[in-house]
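A short worksheet on the structure shown next.
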Amino acid sequence: MCLYAPDVTQGPDGRYYLYYVLDKVSVVSVAVSTHPAGKYEFYGYVKYPDGTRLGEKPGDQPQFDPGVLTEGDRTYLYTGFCARGDKSRNGAMATVLGPDMLTIVEPPVFVAPSEPYSAGTGFEGFEFFEAPSIRKRGDTYYFIYSSISMHELCYATSKHPTKDFKYQGVIVSNCDRHIDTYKPADMPAYVPGNNHGSIVEINGDWYIFYHRHTNGTWFSRQGCLEKIKFNADGTIPQVEITSCGGIDQPLEGKGEYPAYLACHLFYPDEPRRFPKITQDGRDGDEEPGYIVDMHDSATAGFKYFDCKGIKQVSIKVRGYCRGYFEVKTAWDGEVLGKIPVEFSNIWKEYTADAAIPDGVNAIYLTFRGRGPASLKSFTLA
């Protein structure tokens, strides 16, 4: 069975505890290790003092996607999965465990509502769906979760770990919904799909980790991150998805970049149709990712680059396609160059003049012609 969205915390004894829910049962299992990366060995089940496993007591709701935070000798466990319209599930649950990391000392309470029970809560339209995660910054608890819209990671805050959470906003959307700086707010710039992740502090800076989807399936995912900032009141402005990840500066505006760094991938006039990132070989093989299913108007966007003196752009393409790729710095912007491509069942490099303005720019590549084309990389020179 699969370990759906497990989480790890360090217990009061210094060991690391892995909390997980297998895909065919609704109880929380725990494994333990002396090192955060394992090897983990089965330790036990989260249970009530009488030994009944959490999820099996009458009235318990199914357990899913555990997120954990340990403070002193108490561990706060957050779980839940709530589909739209499912009145049998009330929302995300918080359960408090004792120092043995298994035994419940405070039974589950609901901290964020499901869609049928959100009226008047402030969560309307952004109700809890799955992927609960908890973080603490200063004296404030941040409850991060995947909303009922699935593509966005939202958050709520409280001064208490198990009550009084108030909805605050969206941290990231894996299709950049709500972002209106470079496109209309409701336009998806990437295939929207369910999203998991959380925030973490690294060397004094904070980041949001999340995932985008690949291979045309919700079960194939590309791990991503963006740097986030906090306002003076502790709120987090939504971040734009980019190709830079945790890098503070734009990427260097020269050299070859793989196509799987695309942060935008869409058909401008067909909001329910998307190219996709895939790879050759079997799952786990060290094969480069590339973009497939690029028919006429398919657009791949990459952000951001520090451009200086770029005069040419090259691309590596294969597929039964004939036409050209437009080079732009905005998805609906001026065409700065056209790179002709033709039928080929092997990767072939094509080059054309394309003067990119100096400064920090995005790079957009739009296919025009008969497809489908596959795009492996592009080179700025």
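In the structure tokens, chains take the letters A, B, ... in the order shown, each chain's residues start at 1, and ligands count up from 1 in the order shown.
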
Can you pull out the residues contacting region 85-93 of chain A? Cut-off 7 Å, using only C-alpha atoms, and skip same-chain residues under 4 positions away; I want them as an NGL selection string. :A and (61 or 78-80 or 108-117 or 128)

Test item, strand (DSSP E or B) assignment across region 53-270 of chain A, answer as number ranges by chain: A: 53, 67-71, 74-79, 91-97, 103-113, 128-137, 140-147, 152-158, 160, 163, 166-173, 198-202, 205-214, 217-228, 251-252, 255-258, 264-267, 270

Would you give me, as a list in words, the residues in region 47-268 of chain A that DSSP reads as helix (DSSP H, G or I)? Glu115, Pro116, Tyr117, Ala259, Tyr260 and Leu261 of chain A

Nearest-residue call for Gly193 (chain A), choices A:Gly284, A:Val317, A:Phe274, A:Thr235, using only C-alpha atoms: A:Phe274

Point-to-point distance from CA of Ala352 (chain A) to CA of Tyr304 (chain A), Å rounded to tenths: 20.9 Å

Residue contacts of Leu225 (chain A) (7 Å, only C-alpha atoms) excluding same-chain residues fewer than 5 positions away, as a ChimeraX atom specification: /A:207-210,245-246

Which residues are close to Ile277 (chain A), i.e. within 8 Å by only C-alpha atoms, leaving aside same-chain residues fewer than 6 positions away? Reply as a VMD selection string. chain A and resid 214 to 216 260 289 to 292

Can you tell me which residues surround Gly44 (chain A) at a distance of at most 10 Å, considering only C-alpha atoms, apart from same-chain residues fewer than 4 positions away, and format the answer as a list in words?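 With the cut-off at 10 Å, the set is Tyr19, Val28, Ser29, Val30, Ala31, Val32, Arg53, Met101, Leu102 and Thr103 of chain A.
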
Quick one: pull the distance between CA of Pro12 (chain A) and CA of Tyr40 (chain A), Å, one decimal.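 If I compute the distance from CA of Pro12 (chain A) to CA of Tyr40 (chain A), I get 17.1 Å.
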
Restricting the calculation to only C-alpha atoms: of A:Trp206, A:Trp218, A:Trp347, A:Tyr190, which residue gets closest to Arg272 (chain A)? A:Tyr190

Atom pair CA of Gln168 (chain A) / CA of Tyr155 (chain A): separation (Å): 5.8 Å

Residue nearest Gly67 (chain A) - candidates A:His178, A:Lys24, A:His213, A:His196, atoms counted: only C-alpha atoms: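 With only C-alpha atoms as the atom set, the closest residue is A:His196.
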
I want to know what sits within 12 Å of Val335 (chain A), based on only C-alpha atoms, with residues of the same chain fewer than 4 positions away left out; could you give that as an MDAnalysis selection string? chainID A and resid 324:331 339 353:356 363:368

Please provide the set of residues having any atom within 12 Å of Lys39 (chain A), restricted to only C-alpha atoms, with same-chain residues fewer than 6 positions apart removed, written as a PyMOL selection string. chain A and resi 15-18+31-33

Would you save the residues from that selection as a PDB file, in the first residue's frame, using C-alpha atoms?
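Below is the file out26.pdb, written as the result:
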ATOM      1  CA  ARG A  15      14.155  10.210  17.887  1.00  0.00           C
ATOM      2  CA  TYR A  16      12.253  10.881  14.667  1.00  0.00           C
ATOM      3  CA  TYR A  17       8.684   9.682  14.218  1.00  0.00           C
ATOM      4  CA  LEU A  18       7.078   9.109  10.823  1.00  0.00           C
ATOM      5  CA  ALA A  31       7.441   4.406  12.488  1.00  0.00           C
ATOM      6  CA  VAL A  32      10.567   5.517  14.336  1.00  0.00           C
ATOM      7  CA  SER A  33      14.234   6.146  13.517  1.00  0.00           C
TER       8      SER A  33
END
